[in-house]
$ cat work04.cif   # mmCIF, C-alpha atoms and all ligand atoms
data_final
loop_
_atom_site.label_atom_id
_atom_site.label_comp_id
_atom_site.auth_asym_id
_atom_site.auth_seq_id
_atom_site.Cartn_x
_atom_site.Cartn_y
_atom_site.Cartn_z
CA MET A 1 89.75 41.52 33.23
CA VAL A 2 90.06 44.04 30.39
CA ILE A 3 90.39 42.97 26.77
CA PHE A 4 91.90 45.25 24.20
CA TYR A 5 90.36 44.86 20.82
CA THR A 6 93.70 44.78 19.00
CA GLU A 7 94.75 41.87 21.21
CA MET A 8 91.78 39.87 19.94
CA GLN A 9 92.75 40.41 16.35
CA HIS A 10 96.27 39.17 17.06
CA ASP A 11 94.86 36.13 18.80
CA PHE A 12 93.02 34.88 15.75
CA SER A 13 95.64 32.30 14.78
CA GLN A 14 94.99 30.51 18.08
CA ASN A 15 91.29 30.08 17.40
CA THR A 16 91.36 26.30 17.20
CA ASP A 17 89.10 23.51 18.39
CA GLN A 18 91.58 23.02 21.18
CA GLN A 19 90.91 26.55 22.37
CA VAL A 20 87.17 25.87 22.42
CA ARG A 21 87.72 22.89 24.68
CA GLN A 22 89.82 25.11 26.92
CA HIS A 23 86.77 27.22 27.75
CA PRO A 24 85.16 24.97 30.38
CA ASN A 25 83.86 28.03 32.29
CA MET A 26 82.03 29.49 29.36
CA ASP A 27 78.75 29.25 31.26
CA THR A 28 79.89 31.49 34.11
CA PRO A 29 80.07 35.29 34.07
CA ASN A 30 83.72 35.13 35.12
CA SER A 31 84.86 33.80 31.78
CA PHE A 32 83.86 37.12 30.21
CA PRO A 33 85.91 40.30 30.51
CA ASN A 34 84.60 43.25 32.52
CA GLU A 35 85.67 45.55 29.72
CA ILE A 36 86.39 45.43 26.02
CA ARG A 37 88.16 48.46 24.58
CA THR A 38 87.82 49.38 20.93
CA ALA A 39 89.32 52.29 18.98
CA ARG A 40 86.63 54.77 20.09
CA LEU A 41 84.64 52.98 22.80
CA THR A 42 84.71 51.15 26.07
CA LEU A 43 82.27 48.26 26.47
CA SER A 44 81.85 47.61 30.17
CA ARG A 45 79.74 45.19 32.19
CA PRO A 46 76.99 47.12 34.04
CA ASP A 47 77.29 47.95 37.71
CA LEU A 48 74.60 49.30 40.05
CA ALA A 49 76.40 52.65 40.00
CA ASP A 50 75.60 52.88 36.27
CA ALA A 51 71.81 52.95 36.75
CA ALA A 52 71.47 56.76 36.64
CA GLY A 53 73.60 57.09 33.48
CA LEU A 54 71.76 54.24 31.83
CA HIS A 55 68.37 55.72 32.70
CA LYS A 56 69.42 59.07 31.26
CA ALA A 57 70.48 57.48 27.96
CA VAL A 58 67.31 55.38 27.70
CA ALA A 59 65.03 58.32 28.58
CA ALA A 60 66.66 60.50 25.91
CA SER A 61 66.21 57.77 23.29
CA TYR A 62 62.80 56.45 24.27
CA THR A 63 60.98 57.36 21.08
CA GLU A 64 63.31 55.14 19.01
CA LEU A 65 63.70 52.43 21.65
CA SER A 66 59.98 52.05 22.24
CA ARG A 67 59.46 51.30 18.55
CA TRP A 68 61.83 48.33 18.47
CA MET A 69 62.88 47.04 21.88
CA VAL A 70 60.62 44.55 23.67
CA TRP A 71 61.71 45.90 27.08
CA ALA A 72 60.62 49.42 26.08
CA ARG A 73 56.88 48.76 25.82
CA GLY A 74 55.84 50.68 28.92
CA SER A 75 57.51 53.44 30.87
CA TYR A 76 61.17 53.10 31.88
CA SER A 77 61.99 54.25 35.40
CA ILE A 78 65.19 54.53 37.39
CA ASP A 79 64.02 51.35 39.19
CA ASP A 80 64.01 49.54 35.83
CA ALA A 81 67.56 50.73 35.17
CA GLN A 82 68.66 49.59 38.64
CA GLN A 83 67.05 46.19 38.18
CA PHE A 84 68.72 45.78 34.80
CA CYS A 85 72.15 46.68 36.22
CA ALA A 86 71.73 44.36 39.21
CA HIS A 87 70.53 41.49 37.04
CA ALA A 88 73.02 42.02 34.23
CA LYS A 89 75.89 42.11 36.70
CA GLY A 90 75.08 38.77 38.26
CA SER A 91 73.27 36.70 35.70
CA PHE A 92 74.70 34.95 32.71
CA ASP A 93 71.41 33.36 31.66
CA ALA A 94 70.04 36.57 30.19
CA GLY A 95 73.23 37.15 28.23
CA VAL A 96 76.41 39.09 28.89
CA HIS A 97 75.54 42.76 28.74
CA PHE A 98 77.93 45.59 28.04
CA LEU A 99 77.28 49.32 28.33
CA ILE A 100 78.72 51.30 25.44
CA ARG A 101 80.69 54.24 26.83
CA LEU A 102 82.78 57.09 25.57
CA PRO A 103 86.21 56.47 27.10
CA GLU A 104 86.92 60.19 27.61
CA ASP A 105 84.38 60.68 30.40
CA GLY A 106 82.57 57.33 30.72
CA THR A 107 79.25 58.66 29.36
CA ILE A 108 76.87 55.78 28.67
CA ILE A 109 75.71 56.02 25.05
CA GLY A 110 74.10 52.62 24.52
CA ALA A 111 74.35 48.92 25.21
CA ALA A 112 75.26 45.71 23.44
CA GLU A 113 74.91 42.12 24.53
CA LEU A 114 76.19 38.70 23.68
CA THR A 115 73.73 35.94 24.43
CA THR A 116 74.60 32.30 24.35
CA ILE A 117 72.29 30.40 22.05
CA ASP A 118 73.91 27.02 22.49
CA ALA A 119 77.11 26.50 24.49
CA GLU A 120 77.71 23.12 22.84
CA VAL A 121 77.97 24.57 19.34
CA PRO A 122 79.01 27.20 20.64
CA SER A 123 76.77 29.87 19.09
CA PHE A 124 75.88 33.39 20.14
CA GLU A 125 73.52 36.24 19.37
CA ILE A 126 74.30 39.96 19.49
CA GLY A 127 71.83 42.71 20.42
CA TYR A 128 72.31 46.50 20.66
CA TRP A 129 70.85 49.98 20.97
CA ILE A 130 72.34 53.46 20.89
CA HIS A 131 71.46 56.82 22.45
CA THR A 132 69.65 58.75 19.71
CA SER A 133 72.12 61.66 19.87
CA TYR A 134 75.00 59.27 19.14
CA SER A 135 73.37 57.48 16.23
CA GLY A 136 75.00 57.76 12.81
CA PHE A 137 78.64 57.68 13.92
CA GLY A 138 79.29 53.96 13.44
CA TYR A 139 79.53 53.31 17.19
CA VAL A 140 77.16 50.32 17.10
CA THR A 141 78.93 48.88 14.08
CA GLU A 142 82.19 49.18 16.05
CA ALA A 143 80.69 47.55 19.17
CA ALA A 144 79.08 44.72 17.17
CA HIS A 145 82.39 44.22 15.35
CA ALA A 146 84.17 43.81 18.69
CA LEU A 147 81.59 41.37 20.08
CA THR A 148 81.61 39.33 16.87
CA SER A 149 85.39 39.14 17.01
CA PHE A 150 85.26 38.27 20.71
CA ALA A 151 82.78 35.44 20.08
CA PHE A 152 84.96 33.86 17.38
CA VAL A 153 88.41 34.51 18.87
CA LYS A 154 87.84 34.13 22.59
CA LEU A 155 84.79 31.88 22.74
CA GLY A 156 85.48 29.63 19.77
CA SER A 157 82.06 30.37 18.32
CA ASN A 158 80.91 28.52 15.22
CA ARG A 159 77.99 30.83 14.64
CA VAL A 160 77.06 34.39 15.58
CA GLN A 161 73.65 35.75 14.66
CA ILE A 162 71.81 39.06 14.80
CA ARG A 163 68.01 39.12 14.52
CA MET A 164 65.72 42.07 13.98
CA ASP A 165 62.33 43.20 12.74
CA GLU A 166 62.47 43.33 8.96
CA LYS A 167 61.25 46.94 9.09
CA ASN A 168 64.18 47.99 11.30
CA HIS A 169 66.44 49.09 8.46
CA ARG A 170 68.99 50.84 10.66
CA SER A 171 69.43 47.62 12.61
CA TRP A 172 69.92 45.31 9.65
CA ALA A 173 72.35 47.77 8.09
CA ILE A 174 74.80 46.83 10.87
CA PRO A 175 75.26 43.10 10.12
CA MET A 176 75.25 43.90 6.42
CA ARG A 177 78.05 46.43 6.93
CA LEU A 178 80.03 43.86 8.92
CA GLY A 179 79.78 41.08 6.34
CA TYR A 180 77.08 38.92 7.93
CA GLU A 181 74.92 37.02 5.48
CA LEU A 182 71.14 37.19 5.41
CA GLU A 183 70.32 33.62 6.31
CA ALA A 184 66.55 33.74 6.64
CA THR A 185 63.48 35.88 6.87
CA LEU A 186 60.99 34.49 9.35
CA THR A 187 57.39 35.35 8.54
CA SER A 188 54.97 36.35 11.33
CA TYR A 189 57.74 35.72 13.81
CA SER A 190 56.73 38.24 16.43
CA ARG A 191 54.32 41.00 17.41
CA ASP A 192 55.97 44.38 17.45
CA ASN A 193 55.44 47.09 20.06
CA LEU A 194 52.49 48.42 18.06
CA GLY A 195 50.83 45.00 18.24
CA GLU A 196 51.41 44.25 14.56
CA LEU A 197 52.75 41.01 13.17
CA ALA A 198 56.40 41.36 12.26
CA ALA A 199 58.70 39.37 10.02
CA TYR A 200 62.24 38.93 11.33
CA ARG A 201 65.54 38.83 9.50
CA VAL A 202 68.28 36.51 10.72
CA TYR A 203 71.82 37.51 9.79
CA ALA A 204 74.57 35.01 10.57
CA MET A 205 78.34 34.69 10.40
CA PHE A 206 80.27 31.43 10.71
CA ASN A 207 83.93 32.38 10.94
CA LEU A 208 86.09 35.43 11.55
CA GLU A 209 87.26 35.65 7.94
CA GLN A 210 83.77 36.86 7.01
CA LEU A 211 84.07 39.88 9.33
CA ARG A 212 84.93 43.01 7.36
CA PRO A 213 87.79 45.10 8.80
CA LEU A 214 86.60 48.34 10.42
CA LYS A 215 89.10 50.33 8.38
CA GLU A 216 86.86 49.78 5.34
CA PHE A 217 84.14 51.95 6.89
CA PRO A 218 83.86 55.73 6.67
CA THR A 219 85.18 57.79 9.60
C1 LIG B 1 69.59 50.13 15.27
C2 LIG B 1 70.57 51.19 15.78
C3 LIG B 1 71.40 50.58 16.90
C4 LIG B 1 71.45 51.64 14.62
O1 LIG B 1 72.25 52.70 15.06
P1 LIG B 1 73.19 53.50 14.01
O2 LIG B 1 73.63 54.74 14.66
O3 LIG B 1 72.48 53.60 12.69
O4 LIG B 1 74.41 52.49 13.80
P2 LIG B 1 75.94 52.85 13.80
O5 LIG B 1 76.32 53.41 15.11
O6 LIG B 1 76.66 51.66 13.37
O7 LIG B 1 76.05 54.03 12.71
C5 LIG B 1 75.89 53.75 11.35
C6 LIG B 1 75.87 55.07 10.60
O8 LIG B 1 77.06 55.78 10.91
C7 LIG B 1 77.79 56.01 9.69
N1 LIG B 1 79.21 55.94 10.04
C8 LIG B 1 79.97 57.03 10.31
N2 LIG B 1 81.20 56.63 10.67
C9 LIG B 1 81.21 55.29 10.63
C10 LIG B 1 82.19 54.32 10.90
N3 LIG B 1 83.41 54.64 11.30
N4 LIG B 1 81.86 53.02 10.80
C11 LIG B 1 80.64 52.65 10.41
N5 LIG B 1 79.64 53.54 10.12
C12 LIG B 1 79.93 54.85 10.24
C13 LIG B 1 77.30 54.95 8.73
O9 LIG B 1 77.51 55.33 7.40
C14 LIG B 1 75.83 54.93 9.09
O10 LIG B 1 75.27 56.09 8.55
P3 LIG B 1 73.75 56.23 8.06
O11 LIG B 1 73.00 56.53 9.31
O12 LIG B 1 73.76 57.40 7.15
O13 LIG B 1 73.37 54.96 7.40
C15 LIG B 1 69.81 52.45 16.33
O14 LIG B 1 69.01 52.97 15.29
C16 LIG B 1 68.95 52.15 17.53
O15 LIG B 1 69.45 52.11 18.67
N6 LIG B 1 67.63 51.91 17.31
C17 LIG B 1 66.72 51.64 18.40
C18 LIG B 1 67.00 50.29 19.05
C19 LIG B 1 67.07 49.16 18.03
O16 LIG B 1 66.37 49.14 17.04
N7 LIG B 1 67.97 48.20 18.32
C20 LIG B 1 68.13 47.04 17.48
C21 LIG B 1 67.10 46.03 17.77
S1 LIG B 1 67.31 44.58 16.73
#

$ encode --input "work04.cif" --output "structure tokens" --more "lines below"
Ligand SMILES: CC(C)(COP(=O)(O)OP(=O)(O)OC[C@H]1O[C@@H](n2cnc3c(N)ncnc32)[C@H](O)[C@@H]1OP(=O)(O)O)[C@@H](O)C(=O)NCCC(=O)NCCS
Amino acid sequence: MVIFYTEMQHDFSQNTDQQVRQHPNMDTPNSFPNEIRTARLTLSRPDLADAAGLHKAVAASYTELSRWMVWARGSYSIDDAQQFCAHAKGSFDAGVHFLIRLPEDGTIIGAAELTTIDAEVPSFEIGYWIHTSYSGFGYVTEAAHALTSFAFVKLGSNRVQIRMDEKNHRSWAIPMRLGYELEATLTSYSRDNLGELAAYRVYAMFNLEQLRPLKEFPT
């Protein structure tokens, strides 16, 4: 199943409680699309064949990733990329993962995920990273915009959140740009990859009206 981003925006009027109840398969991978297409990107569910491209993107970005991502604490091998692709393809528990690709040639330039926090609410969390060479073009903002919209329109979400280390300014700039509100700062919430105590920011959004249109951003 492929979802076109414009289709989601048109669907908004149908985002009712009734629609939420019509998502009985929300806890299976099949209720999620294999692809979401945005204006400049394709978000696709990982496949084993993507391991080499994923490894290349991670290796090229490791300095930035190893500062902030829990999974980037040690080395990152092609085996790690293969395991991620195999697991992400089959498992819903760890969240629904999408590779961020350039549609022209399919180059993998990052990843974004939508994790279920509580299917009864329903509520979701978004995570992301981008290949260092593709940072600063608004690609992550665009991907997070699409996943936020998807969570509200297609999954009937009542809450979407994005969490990050308070020191990760580039990360919290994304929910701020999109219209999320800073809901809380959690003190001594985690140990970062340097072993230091880290406060975390929690940004949250509660309905699609809060989501700023992408056309308001620079191009
Ligand atoms: C956090 C991270 C994903 C942010 O990436 P990013 O490239 O800054 O984010 P975007 O792709 O949304 O780009 C935003 C930048 O593009 C600019 N931009 C250009 N065109 C744009 C557009 N059409 N829309 C939005 N922004 C645009 C913005 O002004 C902003 O510029 P700035 O860097 O001068 O502030 C990235 O730094 C990263 O991968 N870090 C390592 C992993 C990580 O920390 N992940 C998050 C863990 S919580």

$ residues_around --input "work04.cif" --residues "Val96 of chain A" --least-positions-apart "5" --cutoff "12 Å" --atoms "all atoms listed in the file" --output "VMD selection string"
chain A and resid 26 to 35 43 to 46 84 to 85 87 to 91 111 to 117 124 to 128 147 151

$ residues_near_ligand --input "work04.cif" --ligand "ligand LIG 1 (chain B)" --cutoff "6 Å" --atoms "all atoms listed in the file" --output "VMD selection string"
chain A and resid 64 to 65 68 to 69 128 to 130 135 to 141 163 to 164 170 to 171 174 217 to 219

$ closest_residue --input "work04.cif" --among "A:Glu120, A:Glu104, A:Asp80, A:Asp192" --to "Leu41 of chain A" --atoms "all atoms listed in the file"
A:Glu104

$ atom_distance --input "work04.cif" --atom1 "atom CA of Ser61 of chain A" --atom2 "atom CA of Gly110 of chain A"
9.5 Å

$ residues_near_point --input "work04.cif" --point "(78.4, 25.8, 16.3)" --cutoff "12 Å" --atoms "all atoms listed in the file" --output "PyMOL selection string"
chain A and resi 17+20+116-125+151-152+155-161+204-207

$ closest_residue --input "work04.cif" --among "A:Arg67, A:Arg201, A:Arg101, A:Arg40" --to "Ser188 of chain A" --atoms "only C-alpha atoms"
A:Arg201

$ atom_distance --input "work04.cif" --atom1 "atom CA of Leu211 of chain A" --atom2 "atom CA of Leu102 of chain A"
23.7 Å

$ closest_residue --input "work04.cif" --among "A:Met176, A:Leu186, A:Ala59, A:Val153" --to "Leu208 of chain A" --atoms "all atoms listed in the file"
A:Val153

$ atom_distance --input "work04.cif" --atom1 "atom CA of Tyr76 of chain A" --atom2 "atom CA of Asp50 of chain A"
15.1 Å

$ closest_residue --input "work04.cif" --among "A:Ile109, A:Ala199, A:Ala39, A:Ala49" --to "His131 of chain A" --atoms "all atoms listed in the file"
A:Ile109

$ closest_residue --input "work04.cif" --among "A:Asp105, A:Asp165, A:Asp47, A:Glu216" --to "Gln83 of chain A" --atoms "all atoms listed in the file"
A:Asp47
